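Data first, discussion second: the structure below is written as structure tokens.
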Amino acid sequence: MKVAIDTGGTFTDIILYDEKSDDFYMAKVPSHPESPESPFFEGMLKVLKIAEKSLTEVKEIRHGTTLVTNALLEGKTAKVGLLVTRGFRDLLEIGRQQRPSLYDLTKERLTPLVPRDCVLEITERVSSEGKVITPLDGVDAQIQIADFIKKKRIKALAVSLLFSFFNPEHERALEKLAEKEIDPHFIFLSSQVSPEFREFERTSTTVIAAAVAPNILSYLQSIQDELSDKASPHHHLGIMHSGGGIMNTEEAEKRPHTLIESGPAAGIIGAAHLSRMLNLDRAIAFDMGGTTAKAGTILDGKLQFSQEYEVGGEMHHGGRQGGSGYPVRTPMIDVVECGAGAGSVAWIDKGGYLKVGPQSSGAEPGPACYGKGGTNPTVTDAHLVLGRITADNFLGGEMPLYPKLSEKAIRRKISHPLNLTLEEAASGILDIANASMLRILRLISVMRGHDPRDFTLIAYGGAGPLHATELAEKMSIKHIIIPQIPGLFSTLGLFYADLNTDFVETSIIPLTTPNALNRIISRLQKRAETWFEQNEANPRQRKIKVSADIRYSHQSYELNLPLPGTTLVMNDILALQKEFHKIHAKTYGLSSPGESIQIVNVRLRAIKLLPRHEMPGFDPPGNSTVRNTKKKQPVWIKNEKYECPFHERSRLRSGERIEGPAVIQENESTTLVMPGWHLRVDKSGNLHIHH
């Protein structure tokens with residue numbers, strides 16, 4: 001048996017798959033930010049009880065978590081010390097010249113994760129060719145480091161020396177010296193975390209790894225200790241990473257920065273699998289949960305990747321940095337995230353303007369309607385007031401909602417201060433939340449050079465289907481798909497991920513030197529072979545993908561292109577040149593065929609292919625002609641009241657068509673079909689909504 005567990009900021013979702021019976025069992029429990037391991041086991045025991053199974057029968061567990069993202073957003077990181085080459089103390093303070101809003105004089109940059117007084121300069125120097133210019137004085141460094149860690153009470157240490165990706169000798173020496181003063185698990189070297197050029201990005205990535213490490217290692221250790229006591233001795237725990245694959249816990253502890261988009265990555269993997277099943281050429285995966293909303297593109301059934309990412313700012317996103325967050329340099333699924341979720345709090349700023357998020361009510365106390373003491377109005381409260389969700393059907397009726405509490409919160413904090421009716425205030429909350437989500441949809445499509453009208457929107461998450469038609473209408477998207485079990489779709493995506501890892505080597509060489517390129521690929525292949533052996537991958541399970549970061553000579557930015565194989569000849573180089581000019585023109589609007597081309601980084605992804613199964617089967621209702629429509633009730637849409645039919649999704653038949661406005665209810669999610677849209681059920685049980 002396999003179990004997938006996705007821990008979000010508000011709820012933890014669990015799916016158990018019994019391979020013998022081909023049955024799926026699902027459960028959802030509230031998350032506990034102060035004790036994140038608790039819902040992991042609470043949810044697993046709940047789903048095992050539903051399936052009438054025991055923990056000892058579980059052989060594989062796959063886990064996605066928002067722990068790293070939440071730690072960065074909430075500032076709950078460890079105190080980090082940073083060792084740098086003498087003269088580079090202000091590296092994090094200076095950063096890059098990008099600004100999130102160039103002409104906004106009131107905009108403030110994020111405070112560096114390591115304050116200036118926690119940066120220690122070390123006397124040493126390595127050249128751009130990897131040669132030692134100034135040797136490291138081990139005795140002097142030992143005294144400095146011991147005094148530094150003790151006085152500053154450093155919990156985790158990042159080491160980022162100049163050109164260490166060419167020669168890591170000094171970083172490794174400092175690591176050995178620091179191990180005498182600090183837990184070795186909390187020491188991170190840039191030559192291991194991000195062994196590629198660009199000092200600021202490499203240092204920032206290493207610092208992020210160190211900052212989140214104590215929390216992540218403690219969390220994973222708690223889970224493993226509990227599993228060792230109660231689970232099968234042969235169980236395997238895999239952690240979802242941002243690059244779209246599963247990693248072992250040992251690797252997750254060494255590379256905690258790769259868990260930034262752990263949960264969202266699984267959802268996009270699931271959406272890519274669905275795209276291939278339905279033969280969709282272009283799709284946007286849209287996931288709205290309790291705390292955040294996420295979006296990513298899928299082209300020809302393939303995931304899209306970015307080599308750099310920005311976290312902690314107004315939005316988390318891949319691609320070129322905007323200057324609002326902390327840069328992370330590692331291959332990741334190209335996903336954009338913002339702080340707009342079902343639990344996002346509505347508030348009024350000092351200027352009297354209505355805002356929604358990024359702060360969330362979480363699971364405790366949750367939205368006002370939960371009745372757990374929360375007094376702040378949220379997106380969920382707005383939906384309840386507008387009649388889009390019902391008080392007796394939330395989580396399949398497991399959790400009652402209290403509309404009067406929603407009304408009270410919205411009236412007191414939004415409606416009365418802004419002199420709006422209750423319905424106007426609730427509609428305004430949803431409009432503001434939608435505006436935030438439209439930003440990420442435009443960033444992942446229009447800002448990537450895509451026309452959203454050519455895309456299908458795959459909407460999931462507990463709240464995604466509620467907002468899908470309104471967002472699609474604004475984006476001029478004509479086709480929406482709501483998959484089965486949308487409220488646990490990211491959890492389902494964990495079952496479609498393979499075990500993988502990434503290797504990279506920086507070497508700035510002309511593209512027209514295939515022999516040099518082949519030597520680099522050969523070195524990366526040897527590292528991949530070692531990884532395959534460690535993970536017991538047989539020859540049929542092994543897959544390698546090679547790519548290169550390529551640019552015109554001395555250009556500031558590069559484009560990542562796949563390489564046609566592991567041994568290149570001149571014809572491959574010529575084809576690669578042609579493709580680079582084409583992609584450059586598509587990305588930037590111009591190309592320069594007469595310019596020389598450089599390779600900057602060579603990347604290799606090693607993949608251990610894992611067994612997969614089909615998505616949960618559609619169990620249609622019988623041939624009864626009895627309509628599934630519930631009693632109609634008033635629903636507010638675009639400031640108009642409609643008598644709207646409510647349908648149970650479990651009673652919808654293949655081929656059934658429903659005209660909007662309508663609401664489709666199921667245990668973990670609710671779908672709103674706007675006026676002017678219609679819904680059709682396909683043979684697999686997916687909901688297709690067309691305009």
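Letters for chains follow the order of the structure tokens (A, B, ...), residue numbers begin at 1 for each chain, and ligand numbers begin at 1 in the order shown.
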With only C-alpha atoms as the counted atoms, please give the residues lying no more than 8 Å from segment 24-36 of chain A, apart from itself and same-chain residues fewer than 6 positions off, as a PDB file with C-alpha atoms, in the first residue's frame.
ATOM      1  CA  THR A   7       0.567  19.254   4.411  1.00  0.00           C
ATOM      2  CA  GLY A   8      -0.677  22.742   3.604  1.00  0.00           C
ATOM      3  CA  GLY A   9      -0.995  25.847   5.728  1.00  0.00           C
ATOM      4  CA  THR A  10      -4.639  25.149   6.545  1.00  0.00           C
ATOM      5  CA  PHE A  11      -5.379  21.459   5.928  1.00  0.00           C
ATOM      6  CA  THR A  12      -3.399  18.241   5.582  1.00  0.00           C
ATOM      7  CA  ASP A  13      -4.683  15.939   2.839  1.00  0.00           C
ATOM      8  CA  ILE A  14      -4.140  12.170   2.771  1.00  0.00           C
ATOM      9  CA  ILE A  15      -4.772   9.536   0.100  1.00  0.00           C
ATOM     10  CA  LEU A  16      -4.196   5.808   0.585  1.00  0.00           C
ATOM     11  CA  TYR A  17      -3.851   3.606  -2.483  1.00  0.00           C
ATOM     12  CA  ASP A  18      -4.361  -0.132  -2.089  1.00  0.00           C
ATOM     13  CA  GLU A  42      -3.425  12.074  12.640  1.00  0.00           C
ATOM     14  CA  GLY A  43      -4.354  12.075   8.950  1.00  0.00           C
ATOM     15  CA  LYS A  46      -7.694   8.515   9.943  1.00  0.00           C
ATOM     16  CA  VAL A  47      -7.344   7.216   6.377  1.00  0.00           C
ATOM     17  CA  ILE A  50     -11.461   4.392   6.806  1.00  0.00           C
ATOM     18  CA  ALA A  51      -9.707   1.714   4.730  1.00  0.00           C
ATOM     19  CA  LEU A  67       6.997  23.974   5.975  1.00  0.00           C
ATOM     20  CA  TYR A 219      10.405  17.765  11.487  1.00  0.00           C
ATOM     21  CA  ALA A 363      -6.702  26.166  10.559  1.00  0.00           C
ATOM     22  CA  GLU A 364      -6.654  27.674  14.066  1.00  0.00           C
ATOM     23  CA  PRO A 616      -9.109   7.019  -9.509  1.00  0.00           C
TER      24      PRO A 616
END
Open item on the list: Using DSSP secondary structure from the backbone, list all strand (DSSP E) positions within segment 497-644 of chain A, as JSON, numbers by chain.
Closed with: {"A": [499, 500, 501, 502, 503, 504, 505, 506, 507, 508, 509, 510, 542, 543, 544, 545, 546, 547, 548, 549, 550, 551, 552, 559, 560, 561, 562, 597, 598, 599, 600, 601, 602, 603, 604, 605, 606, 607, 608, 633, 634, 635, 636, 637, 640, 641, 642, 643, 644]}
Selection file, N, CA and C atoms, as a short mmCIF file (atom, residue, chain, number, x, y, z; two decimals), in the first residue's frame:
data_model
loop_
_atom_site.label_atom_id
_atom_site.label_comp_id
_atom_site.auth_asym_id
_atom_site.auth_seq_id
_atom_site.Cartn_x
_atom_site.Cartn_y
_atom_site.Cartn_z
N LEU A 499 11.56 9.38 -8.68
CA LEU A 499 12.71 9.75 -7.86
C LEU A 499 13.72 10.44 -8.78
N ASN A 500 14.15 11.65 -8.45
CA ASN A 500 15.14 12.30 -9.31
C ASN A 500 16.03 13.25 -8.53
N THR A 501 17.12 13.65 -9.14
CA THR A 501 18.04 14.63 -8.57
C THR A 501 18.75 15.35 -9.70
N ASP A 502 19.36 16.49 -9.38
CA ASP A 502 20.01 17.32 -10.40
C ASP A 502 21.48 17.53 -10.09
N PHE A 503 22.28 17.53 -11.15
CA PHE A 503 23.71 17.83 -11.06
C PHE A 503 24.02 18.98 -12.01
N VAL A 504 24.97 19.83 -11.64
CA VAL A 504 25.31 20.97 -12.47
C VAL A 504 26.81 21.23 -12.40
N GLU A 505 27.37 21.70 -13.50
CA GLU A 505 28.78 22.11 -13.52
C GLU A 505 28.89 23.40 -14.32
N THR A 506 29.51 24.41 -13.71
CA THR A 506 29.76 25.67 -14.40
C THR A 506 31.05 25.56 -15.21
N SER A 507 30.95 25.94 -16.46
CA SER A 507 32.13 25.99 -17.32
C SER A 507 31.78 26.90 -18.49
N ILE A 508 32.39 28.06 -18.54
CA ILE A 508 32.07 29.04 -19.58
C ILE A 508 32.95 28.75 -20.79
N ILE A 509 32.34 28.08 -21.79
CA ILE A 509 33.08 27.65 -22.97
C ILE A 509 32.28 27.98 -24.22
N PRO A 510 32.94 28.11 -25.37
CA PRO A 510 32.21 28.34 -26.61
C PRO A 510 31.33 27.13 -26.94
N ARG A 542 16.48 3.63 -15.18
CA ARG A 542 17.37 4.79 -15.26
C ARG A 542 17.07 5.66 -16.50
N LYS A 543 16.99 6.95 -16.24
CA LYS A 543 16.77 7.91 -17.33
C LYS A 543 17.58 9.16 -17.05
N ILE A 544 18.18 9.71 -18.10
CA ILE A 544 19.02 10.91 -17.94
C ILE A 544 18.54 11.98 -18.91
N LYS A 545 18.45 13.21 -18.41
CA LYS A 545 18.15 14.37 -19.25
C LYS A 545 19.27 15.39 -19.08
N VAL A 546 19.82 15.85 -20.21
CA VAL A 546 20.93 16.80 -20.16
C VAL A 546 20.49 18.11 -20.81
N SER A 547 20.88 19.21 -20.19
CA SER A 547 20.57 20.52 -20.75
C SER A 547 21.74 21.46 -20.48
N ALA A 548 21.69 22.63 -21.10
CA ALA A 548 22.76 23.61 -20.91
C ALA A 548 22.17 25.01 -20.82
N ASP A 549 22.78 25.84 -19.98
CA ASP A 549 22.44 27.26 -19.92
C ASP A 549 23.31 27.96 -20.96
N ILE A 550 22.68 28.57 -21.94
CA ILE A 550 23.38 29.10 -23.10
C ILE A 550 23.07 30.59 -23.27
N ARG A 551 24.06 31.36 -23.74
CA ARG A 551 23.87 32.80 -23.94
C ARG A 551 24.77 33.28 -25.08
N TYR A 552 24.48 34.46 -25.59
CA TYR A 552 25.44 35.13 -26.45
C TYR A 552 26.61 35.56 -25.57
N LEU A 559 19.66 31.18 -21.49
CA LEU A 559 18.47 30.37 -21.70
C LEU A 559 18.85 28.90 -21.54
N ASN A 560 17.97 28.13 -20.93
CA ASN A 560 18.24 26.72 -20.74
C ASN A 560 17.65 25.93 -21.90
N LEU A 561 18.49 25.16 -22.60
CA LEU A 561 18.05 24.35 -23.74
C LEU A 561 18.42 22.89 -23.50
N PRO A 562 17.52 21.96 -23.86
CA PRO A 562 17.86 20.54 -23.74
C PRO A 562 18.92 20.17 -24.77
N ILE A 597 28.33 32.20 -29.37
CA ILE A 597 27.46 31.67 -28.32
C ILE A 597 28.31 30.93 -27.29
N GLN A 598 27.96 31.12 -26.02
CA GLN A 598 28.67 30.46 -24.93
C GLN A 598 27.76 29.51 -24.17
N ILE A 599 28.37 28.45 -23.67
CA ILE A 599 27.71 27.61 -22.66
C ILE A 599 28.22 28.07 -21.30
N VAL A 600 27.31 28.22 -20.35
CA VAL A 600 27.67 28.69 -19.02
C VAL A 600 27.61 27.55 -18.00
N ASN A 601 26.48 26.85 -17.99
CA ASN A 601 26.30 25.71 -17.09
C ASN A 601 25.82 24.50 -17.88
N VAL A 602 26.27 23.33 -17.50
CA VAL A 602 25.74 22.08 -18.04
C VAL A 602 25.00 21.39 -16.90
N ARG A 603 23.77 20.96 -17.18
CA ARG A 603 22.92 20.36 -16.15
C ARG A 603 22.54 18.94 -16.56
N LEU A 604 22.46 18.07 -15.58
CA LEU A 604 22.04 16.70 -15.82
C LEU A 604 21.03 16.30 -14.75
N ARG A 605 19.90 15.81 -15.19
CA ARG A 605 18.89 15.29 -14.27
C ARG A 605 18.90 13.77 -14.35
N ALA A 606 19.10 13.13 -13.20
CA ALA A 606 19.06 11.67 -13.11
C ALA A 606 17.69 11.27 -12.57
N ILE A 607 17.01 10.35 -13.26
CA ILE A 607 15.65 9.97 -12.90
C ILE A 607 15.56 8.46 -12.70
N LYS A 608 15.05 8.07 -11.57
CA LYS A 608 14.71 6.67 -11.34
C LYS A 608 13.20 6.54 -11.56
N GLN A 633 -31.25 27.63 -4.06
CA GLN A 633 -31.11 28.65 -3.02
C GLN A 633 -30.45 29.89 -3.62
N PRO A 634 -30.64 31.06 -2.99
CA PRO A 634 -30.09 32.30 -3.56
C PRO A 634 -28.57 32.32 -3.52
N VAL A 635 -27.97 32.73 -4.62
CA VAL A 635 -26.52 32.89 -4.73
C VAL A 635 -26.25 34.25 -5.37
N TRP A 636 -25.35 35.01 -4.79
CA TRP A 636 -24.99 36.31 -5.35
C TRP A 636 -23.80 36.15 -6.30
N ILE A 637 -23.97 36.61 -7.54
CA ILE A 637 -22.91 36.57 -8.56
C ILE A 637 -22.90 37.91 -9.27
N GLU A 640 -25.60 40.38 -8.41
CA GLU A 640 -26.98 40.00 -8.73
C GLU A 640 -27.32 38.71 -8.00
N LYS A 641 -28.61 38.61 -7.59
CA LYS A 641 -29.05 37.42 -6.88
C LYS A 641 -29.70 36.45 -7.87
N TYR A 642 -29.26 35.18 -7.82
CA TYR A 642 -29.81 34.13 -8.68
C TYR A 642 -30.37 33.02 -7.80
N GLU A 643 -31.47 32.44 -8.24
CA GLU A 643 -31.95 31.21 -7.62
C GLU A 643 -31.18 30.06 -8.27
N CYS A 644 -30.21 29.56 -7.56
CA CYS A 644 -29.20 28.69 -8.17
C CYS A 644 -29.39 27.23 -7.75
#
Task: Two-atom distance - atom CA of Ala382 of chain A, atom CA of Ala426 of chain A (Å) - done: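 Interatomic distance, atom CA of Ala382 of chain A to atom CA of Ala426 of chain A: 4.5 Å.
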Open item on the list: If I take atom CA of Gly130 of chain A and atom CA of Leu162 of chain A, how far is one from the other in Å, to one decimal?
Closed with: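 Interatomic distance here is 9.5 Å.
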- [ ] Skip Arg116 of chain A itself and residues of its chain fewer than 5 positions away, then list as a VMD selection string all residues within 9 Å of it, counting only C-alpha atoms.
- [x] chain A and resid 89 to 90 92 to 93
Open item on the list: Using only C-alpha atoms, can you tell me which of A:Gln192, A:Thr530, A:Ser591, A:Thr378 comes closest to Glu579 of chain A?
Closed with: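 Nearest candidate to Glu579 of chain A out of A:Gln192, A:Thr530, A:Ser591, A:Thr378: A:Ser591.
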Show me, as a PDB file with N, CA and C atoms, in the first residue's frame, the residues that have an atom within 10 Å of Gly245 of chain A when counting only C-alpha atoms, minus same-chain residues fewer than 3 positions from it.
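For reference, out_6.pdb as written:
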ATOM      1  N   GLY A 238       9.456   9.141   1.088  1.00  0.00           N
ATOM      2  CA  GLY A 238      10.000  10.023   0.061  1.00  0.00           C
ATOM      3  C   GLY A 238       9.413  11.418   0.193  1.00  0.00           C
ATOM      4  N   ILE A 239      10.237  12.431  -0.025  1.00  0.00           N
ATOM      5  CA  ILE A 239       9.812  13.821   0.119  1.00  0.00           C
ATOM      6  C   ILE A 239       9.764  14.483  -1.263  1.00  0.00           C
ATOM      7  N   MET A 240       8.672  15.144  -1.544  1.00  0.00           N
ATOM      8  CA  MET A 240       8.516  15.860  -2.812  1.00  0.00           C
ATOM      9  C   MET A 240       9.403  17.107  -2.813  1.00  0.00           C
ATOM     10  N   HIS A 241      10.150  17.310  -3.894  1.00  0.00           N
ATOM     11  CA  HIS A 241      10.948  18.536  -3.982  1.00  0.00           C
ATOM     12  C   HIS A 241      10.445  19.427  -5.119  1.00  0.00           C
ATOM     13  N   SER A 242      10.906  20.653  -5.125  1.00  0.00           N
ATOM     14  CA  SER A 242      10.392  21.667  -6.046  1.00  0.00           C
ATOM     15  C   SER A 242      10.706  21.374  -7.502  1.00  0.00           C
ATOM     16  N   SER A 262       7.317  22.338  -2.505  1.00  0.00           N
ATOM     17  CA  SER A 262       7.116  20.897  -2.421  1.00  0.00           C
ATOM     18  C   SER A 262       5.680  20.488  -2.749  1.00  0.00           C
ATOM     19  N   ALA A 265       4.287  21.665  -6.368  1.00  0.00           N
ATOM     20  CA  ALA A 265       4.907  20.897  -7.453  1.00  0.00           C
ATOM     21  C   ALA A 265       4.131  19.621  -7.728  1.00  0.00           C
ATOM     22  N   ALA A 266       3.652  18.967  -6.666  1.00  0.00           N
ATOM     23  CA  ALA A 266       2.893  17.725  -6.840  1.00  0.00           C
ATOM     24  C   ALA A 266       1.601  17.970  -7.602  1.00  0.00           C
ATOM     25  N   ILE A 269       2.348  18.314 -11.267  1.00  0.00           N
ATOM     26  CA  ILE A 269       2.649  16.997 -11.830  1.00  0.00           C
ATOM     27  C   ILE A 269       1.348  16.255 -12.130  1.00  0.00           C
ATOM     28  N   MET A 332      13.664  24.159 -10.705  1.00  0.00           N
ATOM     29  CA  MET A 332      12.356  24.022 -10.078  1.00  0.00           C
ATOM     30  C   MET A 332      11.276  24.050 -11.141  1.00  0.00           C
ATOM     31  N   ILE A 333      10.146  23.396 -10.847  1.00  0.00           N
ATOM     32  CA  ILE A 333       8.983  23.558 -11.713  1.00  0.00           C
ATOM     33  C   ILE A 333       8.612  25.033 -11.713  1.00  0.00           C
ATOM     34  N   LEU A 494       1.274  13.372  -6.036  1.00  0.00           N
ATOM     35  CA  LEU A 494       2.463  12.746  -5.454  1.00  0.00           C
ATOM     36  C   LEU A 494       2.681  11.337  -6.002  1.00  0.00           C
ATOM     37  N   TYR A 496       2.398  10.397  -8.997  1.00  0.00           N
ATOM     38  CA  TYR A 496       2.872  10.416 -10.385  1.00  0.00           C
ATOM     39  C   TYR A 496       4.276  10.991 -10.525  1.00  0.00           C
ATOM     40  N   ALA A 497       4.971  11.134  -9.407  1.00  0.00           N
ATOM     41  CA  ALA A 497       6.335  11.661  -9.424  1.00  0.00           C
ATOM     42  C   ALA A 497       7.345  10.521  -9.396  1.00  0.00           C
ATOM     43  N   ASP A 498       8.482  10.736 -10.055  1.00  0.00           N
ATOM     44  CA  ASP A 498       9.594   9.787 -10.025  1.00  0.00           C
ATOM     45  C   ASP A 498      10.645  10.266  -9.030  1.00  0.00           C
ATOM     46  N   LEU A 499      11.564   9.382  -8.681  1.00  0.00           N
ATOM     47  CA  LEU A 499      12.715   9.754  -7.861  1.00  0.00           C
ATOM     48  C   LEU A 499      13.716  10.444  -8.782  1.00  0.00           C
ATOM     49  N   ASN A 500      14.152  11.649  -8.446  1.00  0.00           N
ATOM     50  CA  ASN A 500      15.143  12.297  -9.309  1.00  0.00           C
ATOM     51  C   ASN A 500      16.028  13.251  -8.529  1.00  0.00           C
ATOM     52  N   THR A 501      17.119  13.647  -9.143  1.00  0.00           N
ATOM     53  CA  THR A 501      18.036  14.630  -8.567  1.00  0.00           C
ATOM     54  C   THR A 501      18.748  15.350  -9.704  1.00  0.00           C
ATOM     55  N   ILE A 607      17.011  10.352 -13.260  1.00  0.00           N
ATOM     56  CA  ILE A 607      15.648   9.969 -12.901  1.00  0.00           C
ATOM     57  C   ILE A 607      15.561   8.463 -12.701  1.00  0.00           C
ATOM     58  N   LYS A 608      15.049   8.065 -11.565  1.00  0.00           N
ATOM     59  CA  LYS A 608      14.706   6.665 -11.344  1.00  0.00           C
ATOM     60  C   LYS A 608      13.198   6.539 -11.559  1.00  0.00           C
TER      61      LYS A 608
END
TODO: For Ile268 of chain A, list every protein, DNA or RNA residue within 10 Å, evaluated using only C-alpha atoms, and leave out those in the same chain fewer than 3 positions away; present the list as an MDAnalysis selection string.
DONE: chainID A and resid 244 263:265 271:274 284:287 294:298 303:304 333:335 458 489:490 493:494
Take the residues from that selection and put them in a file with N, CA and C atoms, as an mmCIF file, in the first residue's frame.
data_model
loop_
_atom_site.group_PDB
_atom_site.id
_atom_site.type_symbol
_atom_site.label_atom_id
_atom_site.label_comp_id
_atom_site.auth_asym_id
_atom_site.auth_seq_id
_atom_site.Cartn_x
_atom_site.Cartn_y
_atom_site.Cartn_z
ATOM 1 N N GLY A 244 10.103 18.729 -9.044
ATOM 2 C CA GLY A 244 9.141 17.817 -9.651
ATOM 3 C C GLY A 244 9.466 16.355 -9.465
ATOM 4 N N GLY A 263 4.709 21.067 -2.040
ATOM 5 C CA GLY A 263 3.303 20.711 -2.261
ATOM 6 C C GLY A 263 2.770 21.136 -3.620
ATOM 7 N N PRO A 264 2.934 22.425 -4.002
ATOM 8 C CA PRO A 264 2.446 22.881 -5.316
ATOM 9 C C PRO A 264 3.029 22.096 -6.482
ATOM 10 N N ALA A 265 4.287 21.665 -6.368
ATOM 11 C CA ALA A 265 4.907 20.897 -7.453
ATOM 12 C C ALA A 265 4.131 19.621 -7.728
ATOM 13 N N ALA A 271 -1.546 17.649 -12.736
ATOM 14 C CA ALA A 271 -2.192 18.340 -13.859
ATOM 15 C C ALA A 271 -1.543 17.957 -15.184
ATOM 16 N N ALA A 272 -0.216 17.764 -15.181
ATOM 17 C CA ALA A 272 0.473 17.341 -16.403
ATOM 18 C C ALA A 272 0.037 15.938 -16.810
ATOM 19 N N HIS A 273 -0.118 15.068 -15.824
ATOM 20 C CA HIS A 273 -0.591 13.704 -16.105
ATOM 21 C C HIS A 273 -1.999 13.742 -16.703
ATOM 22 N N LEU A 274 -2.864 14.580 -16.135
ATOM 23 C CA LEU A 274 -4.224 14.725 -16.657
ATOM 24 C C LEU A 274 -4.212 15.313 -18.063
ATOM 25 N N ILE A 284 -3.064 25.531 -18.139
ATOM 26 C CA ILE A 284 -2.603 26.247 -16.951
ATOM 27 C C ILE A 284 -3.162 25.515 -15.736
ATOM 28 N N ALA A 285 -2.278 25.074 -14.876
ATOM 29 C CA ALA A 285 -2.693 24.431 -13.626
ATOM 30 C C ALA A 285 -2.902 25.529 -12.591
ATOM 31 N N PHE A 286 -4.080 25.542 -11.987
ATOM 32 C CA PHE A 286 -4.411 26.576 -10.994
ATOM 33 C C PHE A 286 -4.880 25.905 -9.708
ATOM 34 N N ASP A 287 -4.168 26.179 -8.632
ATOM 35 C CA ASP A 287 -4.416 25.529 -7.346
ATOM 36 C C ASP A 287 -4.665 26.606 -6.297
ATOM 37 N N LYS A 294 -1.655 29.030 -6.444
ATOM 38 C CA LYS A 294 -0.489 28.716 -7.263
ATOM 39 C C LYS A 294 -0.903 28.481 -8.709
ATOM 40 N N ALA A 295 0.014 28.759 -9.644
ATOM 41 C CA ALA A 295 -0.277 28.517 -11.060
ATOM 42 C C ALA A 295 1.000 28.101 -11.781
ATOM 43 N N GLY A 296 0.840 27.214 -12.771
ATOM 44 C CA GLY A 296 1.962 26.774 -13.596
ATOM 45 C C GLY A 296 1.454 26.369 -14.964
ATOM 46 N N THR A 297 2.318 26.401 -15.969
ATOM 47 C CA THR A 297 1.909 26.034 -17.326
ATOM 48 C C THR A 297 2.401 24.637 -17.685
ATOM 49 N N ILE A 298 1.619 23.989 -18.560
ATOM 50 C CA ILE A 298 1.961 22.660 -19.076
ATOM 51 C C ILE A 298 1.839 22.729 -20.593
ATOM 52 N N LEU A 303 5.986 19.391 -18.122
ATOM 53 C CA LEU A 303 6.211 20.406 -17.104
ATOM 54 C C LEU A 303 7.181 21.452 -17.621
ATOM 55 N N GLN A 304 7.038 22.685 -17.163
ATOM 56 C CA GLN A 304 7.962 23.753 -17.504
ATOM 57 C C GLN A 304 8.841 24.054 -16.289
ATOM 58 N N ILE A 333 10.146 23.396 -10.847
ATOM 59 C CA ILE A 333 8.983 23.558 -11.713
ATOM 60 C C ILE A 333 8.612 25.033 -11.713
ATOM 61 N N ASP A 334 8.319 25.565 -12.892
ATOM 62 C CA ASP A 334 7.988 26.986 -13.021
ATOM 63 C C ASP A 334 6.583 27.224 -12.473
ATOM 64 N N VAL A 335 6.508 27.676 -11.234
ATOM 65 C CA VAL A 335 5.226 27.909 -10.569
ATOM 66 C C VAL A 335 5.247 29.300 -9.958
ATOM 67 N N ILE A 458 -6.939 24.135 -15.713
ATOM 68 C CA ILE A 458 -7.202 22.993 -14.839
ATOM 69 C C ILE A 458 -7.214 23.526 -13.411
ATOM 70 N N PHE A 489 -6.222 17.045 -5.046
ATOM 71 C CA PHE A 489 -5.555 16.747 -6.307
ATOM 72 C C PHE A 489 -4.029 16.831 -6.191
ATOM 73 N N SER A 490 -3.517 17.796 -5.402
ATOM 74 C CA SER A 490 -2.060 17.885 -5.220
ATOM 75 C C SER A 490 -1.533 16.637 -4.527
ATOM 76 N N GLY A 493 -1.246 13.977 -7.017
ATOM 77 C CA GLY A 493 -0.079 14.191 -7.884
ATOM 78 C C GLY A 493 1.189 13.570 -7.348
ATOM 79 N N LEU A 494 1.274 13.372 -6.036
ATOM 80 C CA LEU A 494 2.463 12.746 -5.454
ATOM 81 C C LEU A 494 2.681 11.337 -6.002
#
Task: Spatial neighbours of segment 228-235 of chain A, max dist 6 Å, only C-alpha atoms, sep filter under 5 positions, as number ranges by chain - done: A: 55-56, 59-60
Atoms to include: C-alpha atoms. Write the selected residues as an mmCIF file, in the first residue's frame.
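Output file again08.cif is given in full below:
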data_model
loop_
_atom_site.group_PDB
_atom_site.id
_atom_site.type_symbol
_atom_site.label_atom_id
_atom_site.label_comp_id
_atom_site.auth_asym_id
_atom_site.auth_seq_id
_atom_site.Cartn_x
_atom_site.Cartn_y
_atom_site.Cartn_z
ATOM 1 C CA LEU A 55 0.194 1.187 9.507
ATOM 2 C CA THR A 56 2.395 -1.897 9.244
ATOM 3 C CA LYS A 59 5.193 0.153 2.289
ATOM 4 C CA GLU A 60 5.637 3.594 0.750
#
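The smallest atom-to-atom distance between Leu568 of chain A and any of A:Gly462, A:Ser522, A:Met1, A:Ser324, using only C-alpha atoms, is found for A:Ser522.
Residues in contact range of segment 75-78 of chain A, defined as at most 7 Å between only C-alpha atoms, with sequence neighbours fewer than 2 positions away removed, read Ala71, Leu72, Leu73, Val80, Lys155, Ala156, Ala211, Val212 and Pro214 of chain A.
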Task: Point-to-point distance in Å for atom CA of Leu48 of chain A and atom CA of Met615 of chain A - done: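 These atoms are spaced 19.8 Å apart.
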